[in-house]
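Asker: Sharing a structure with you now.
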Amino acid sequence: MSARTADRIATVVFIAIALVIISVLAGLLSFVFINGMKHISVHFLTTPSSNLLAGGGIRDQLFNSFYILLITMIFTVPIGVGGGIYMAEYAKPGKVTNMIRSCIEVLASLPSIVIGMFGLLIFVTLTGWGYTIIGGSLALTVFNLPVIVRVTEDAIRSVPANQKEAGLALGVTHWHTIKTILLPSAFPAILTGAILAAGRVFGEAAALLFTAGQSTGRLDYTDWNPFSQNSPLNIFRPAETLAVHIWAVNTQGLIPDVKEVANGSAAVLVISVLIFNILARLIGRMIHRKVTAIK
Amino acid sequence: MLDQTALAKEQLLKSKKVWTNGEVRGKIVVYACAYFMIFAAISIVIFLGFKGLQSFTKNGVSILEFLTGSTWKPADHSNPQYGAFPFIAGSLAVTLLSAFIAAPLGIGGAIFMTEIAPSWGKKLLQPVIELLVGIPSVVYGFIGLTVLVPFVRWTFGGLGFSLLSGMIVLSIMILPTITSIATDAFESLPNSLREGAYAVGATRWQTIRSVLIPAALPNLLTAVVLGMARAFGEALAVQMVIGNVKDLPHSLLDPSATLTTIITLSMGETTFGSSENNILWAMGLLLLLISFIFILLIRYLSSRRKIS
């Protein structure tokens, strides 16, 4: 076989591989949308799920998913941004920095089920809370922190050095420079990364299985007092999220319309993640334009 | 007059004080955040280590039996047996097999993006890869359950719940990880390598095969190892398609189980603190240790990269 034919064959093979990857995604998305869109209706989105009967919706699961995401972000973003600032600005090469970097690496590579087990041990059993939203959120915080740290570190490092030097040269202190120069210009990148991470948190199930639980009590959406038992805002109640719901109805569901509920939920989940992706891009670009005046 | 100067001085001192306070406070907050990371990682290791060792220290399970025994009967009260070897083997098998499928596809995709069609290939494939990363693992599992399992059952026979189904689902899940890191690997190669090869008359394929792939090899291996680490830790998607039986699989079409799937299944059904629950924590600890091995492997590969 001449070199030329081998080259042609190789080119065809690489194009074929690219086509395979594209068709896998096309297949997955079209499966989810074609099967799922039929079942998404206002009724499906606003009815509580049923354990035994057909016709249940995903109202509570959808709310729980967003609520757990919100609480996770309240924990993760400040700590993660702080950690990222440390890594980009304060970390001196040495043992401590290496240690922190290793710890971030360990946290980032832990299987999510292991984080779920850690959550079960600490936030469910040791504290005696049982399955709670706060327990689930704290477990997800552990899972999400390394991502936010890395995003922040990269964002701050990619701010041009002369901006920081200009601040320091004016006699502004280091922290003040970080606060008023570095963070604002790194903000679009941090926000984009945080929203992308939010998409990941939204779809996570394994870490929540043993921390936020697989059931939701009866919720009263007229009760917005976070301390009352049936309030959706109560953080000490068990909460099944949408991703956990998909897993639960498929593997242990007793309802007759498992297929319909699972298809609809999968479509809602994928659409939400897609919205997070698109939002991340749009908002990032918009703020970048506003802050830097680049057209 | 005197009063006013005193006042001004006082104000100056005050504002100076606030200024340094902010500096110190900011530093404290940032350091606290960084040390929190160490605290979190160490407490995970300590708590899971302590809890995971309980079944060996308290329940008297032999580590050797746990790692090599092939009979799993933790609930049998007269003669409980804790052989987790079938699950360890299942985990290793799906991880390696999915890497075998995903590595050529991922690296091939990366080559397509960087070498074959550098102008538009990346614009086309990059969003595809990002979307594949974004799809939650339960959705992969759900599609595997409703499409792949029946497909395997009809085409190859058997139950459909099999090592093969688990392997295919996992390979799709780790494909984006491998592709994006491999793409970075090829992009970071200096252009002079390509130009040198073309200058001596090599075709594009010869350049890729004998110059670019060897040059990028440590990074490509890192990509594959990261993909394998992800496959090894994945729980729910695999659990939905692999069948979860307690025997060693003998062929690709046999149902099987992995460490993660057994933990997922049994954790809720056993009482916390019982011996059949403790052994699950030992499996969790094993998962933790294996993810450390993956980190060390990646470190080793990247240290090789720095030397060359």
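Chain lettering (A, B, ...) mirrors the order of the structure tokens, residue numbering begins at 1 for each chain separately, and ligand numbering begins at 1 in order of display.
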For chain B versus chain A, which residues have an atom no more than 8 Å away, and what is each residue's nearest atom pair and distance in Å rounded to one decimal, using only C-alpha atoms, chain-then-number order, as a tab-separated table?

Answerer:
```
residue	atom	partner	partner_atom	distance
B:Gly22	CA	A:Trp175	CA	7.6
B:Glu23	CA	A:Trp175	CA	5.3
B:Gly26	CA	A:Trp175	CA	6.3
B:Lys27	CA	A:Trp175	CA	7.1
B:Val29	CA	A:Gly82	CA	7.1
B:Val30	CA	A:Gly82	CA	4.7
B:Tyr31	CA	A:Tyr86	CA	6.4
B:Cys33	CA	A:Gly83	CA	5.0
B:Ala34	CA	A:Gly83	CA	4.5
B:Tyr35	CA	A:Ile100	CA	7.2
B:Met37	CA	A:Cys103	CA	6.3
B:Ile38	CA	A:Cys103	CA	5.6
B:Ala40	CA	A:Val142	CA	7.4
B:Ala41	CA	A:Cys103	CA	5.6
B:Ile42	CA	A:Cys103	CA	7.8
B:Ile44	CA	A:Phe118	CA	6.4
B:Phe47	CA	A:Phe118	CA	7.4
B:Leu48	CA	A:Phe118	CA	6.6
B:Leu105	CA	A:Ile17	CA	6.0
B:Gly108	CA	A:Phe14	CA	5.7
B:Gly109	CA	A:Ala18	CA	5.3
B:Ile111	CA	A:Phe14	CA	7.2
B:Phe112	CA	A:Phe14	CA	5.6
B:Ile116	CA	A:Thr11	CA	7.0
B:Leu125	CA	A:Ile22	CA	7.2
B:Val128	CA	A:Ile22	CA	6.5
B:Leu131	CA	A:Leu274	CA	7.7
B:Leu132	CA	A:Leu25	CA	6.5
B:Gly134	CA	A:Val273	CA	6.6
B:Ile135	CA	A:Val270	CA	6.3
B:Pro136	CA	A:Gly203	CA	4.8
B:Ser137	CA	A:Gly203	CA	7.3
B:Val138	CA	A:Trp247	CA	6.2
B:Val139	CA	A:Ala266	CA	6.0
B:Phe142	CA	A:Asn250	CA	7.3
B:Ile143	CA	A:Leu28	CA	7.6
B:Thr203	CA	A:Asp7	CA	6.4
B:Arg204	CA	A:Asp7	CA	6.3
B:Trp205	CA	A:Asp7	CA	4.9
B:Gln206	CA	A:Asp7	CA	7.3
B:Ala229	CA	A:Ser109	CA	7.5
B:Arg230	CA	A:Pro111	CA	7.2
B:Phe232	CA	A:Pro111	CA	7.9
B:Gly233	CA	A:Pro111	CA	4.4
B:Glu234	CA	A:Pro111	CA	6.7
B:Ala235	CA	A:Ile113	CA	6.6
B:Leu236	CA	A:Ala206	CA	6.4
B:Met240	CA	A:Thr251	CA	6.9
B:Thr260	CA	A:Ile113	CA	7.1
B:Thr264	CA	A:Ile113	CA	7.8
B:Gly268	CA	A:Phe210	CA	7.6
B:Trp281	CA	A:Met117	CA	8.0
B:Gly284	CA	A:Val114	CA	6.1
B:Leu287	CA	A:Val114	CA	7.4
B:Leu288	CA	A:Leu110	CA	6.8
B:Ser291	CA	A:Leu110	CA	6.5
B:Phe292	CA	A:Val106	CA	7.3
B:Ile295	CA	A:Val106	CA	7.5
```

Asker: Looking only at the backbone, which of the residues in range 31-100 of chain B does DSSP tag as strand (DSSP E), as a list of chain:residue names?

Answerer: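 Answer for range 31-100 of chain B restricted to strand (DSSP E) is B:Trp72, B:Lys73, B:Gln81, B:Tyr82.
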
Asker: Deliver the residues from the most recent selection as a file, using C-alpha atoms, as a PDB file, in the first residue's frame.

Answerer:
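Okay, this is what ended up in out38.pdb:
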```pdb
ATOM      1  CA  TRP B  72     -20.824 -12.428  48.326  1.00  0.00           C
ATOM      2  CA  LYS B  73     -23.313 -13.337  51.047  1.00  0.00           C
ATOM      3  CA  GLN B  81     -19.099 -14.267  53.256  1.00  0.00           C
ATOM      4  CA  TYR B  82     -17.670 -11.008  52.028  1.00  0.00           C
TER       5      TYR B  82
END
```

Asker: Identify, on the basis of only C-alpha atoms, every residue whose closest approach to range 83-96 of chain B does not exceed 10 Å; exclude the query and any residue fewer than 4 positions from it along the same chain; express the result as an NGL selection string.

Answerer: :B and (61-74 or 100-102 or 163-171 or 174 or 224-225 or 227-234 or 238 or 242 or 244-249 or 252 or 255-262 or 279-280 or 282-283 or 286-287)

Asker: Name all residues at most 6 Å from range 153-169 of chain A (count only C-alpha atoms; drop same-chain ones fewer than 4 positions away) and give them as a list of chain:residue names.

Answerer: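 Final neighbour list, sorted by chain and number: A:Gly84, A:Ala88, A:Thr177, A:Ala186, A:Ala189.
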
Asker: Any chance you can output those residues with C-alpha atoms as a short mmCIF file (atom, residue, chain, number, x, y, z; two decimals), in the first residue's frame?

Answerer:
```cif
data_model
loop_
_atom_site.label_atom_id
_atom_site.label_comp_id
_atom_site.auth_asym_id
_atom_site.auth_seq_id
_atom_site.Cartn_x
_atom_site.Cartn_y
_atom_site.Cartn_z
CA GLY A 84 -9.24 30.61 43.59
CA ALA A 88 -3.84 32.85 41.85
CA THR A 177 -6.24 45.64 43.90
CA ALA A 186 -12.32 38.21 35.98
CA ALA A 189 -15.21 34.22 33.23
#
```

Asker: Skip range 218-223 of chain A itself and residues of its chain fewer than 6 positions away, then list as a list in words all residues within 12 Å of it, counting only C-alpha atoms.

Answerer: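 So, after excluding close chain neighbours, the residues are Thr46, Thr47, Pro48, Ser49, Ser50, Arg59, Asp60, Gln61, Phe63, Asn64, Gln229, Asn230, Ser231, Pro232, Leu233, Asn234, Arg237, Pro238, Ala239 and Glu240 of chain A.
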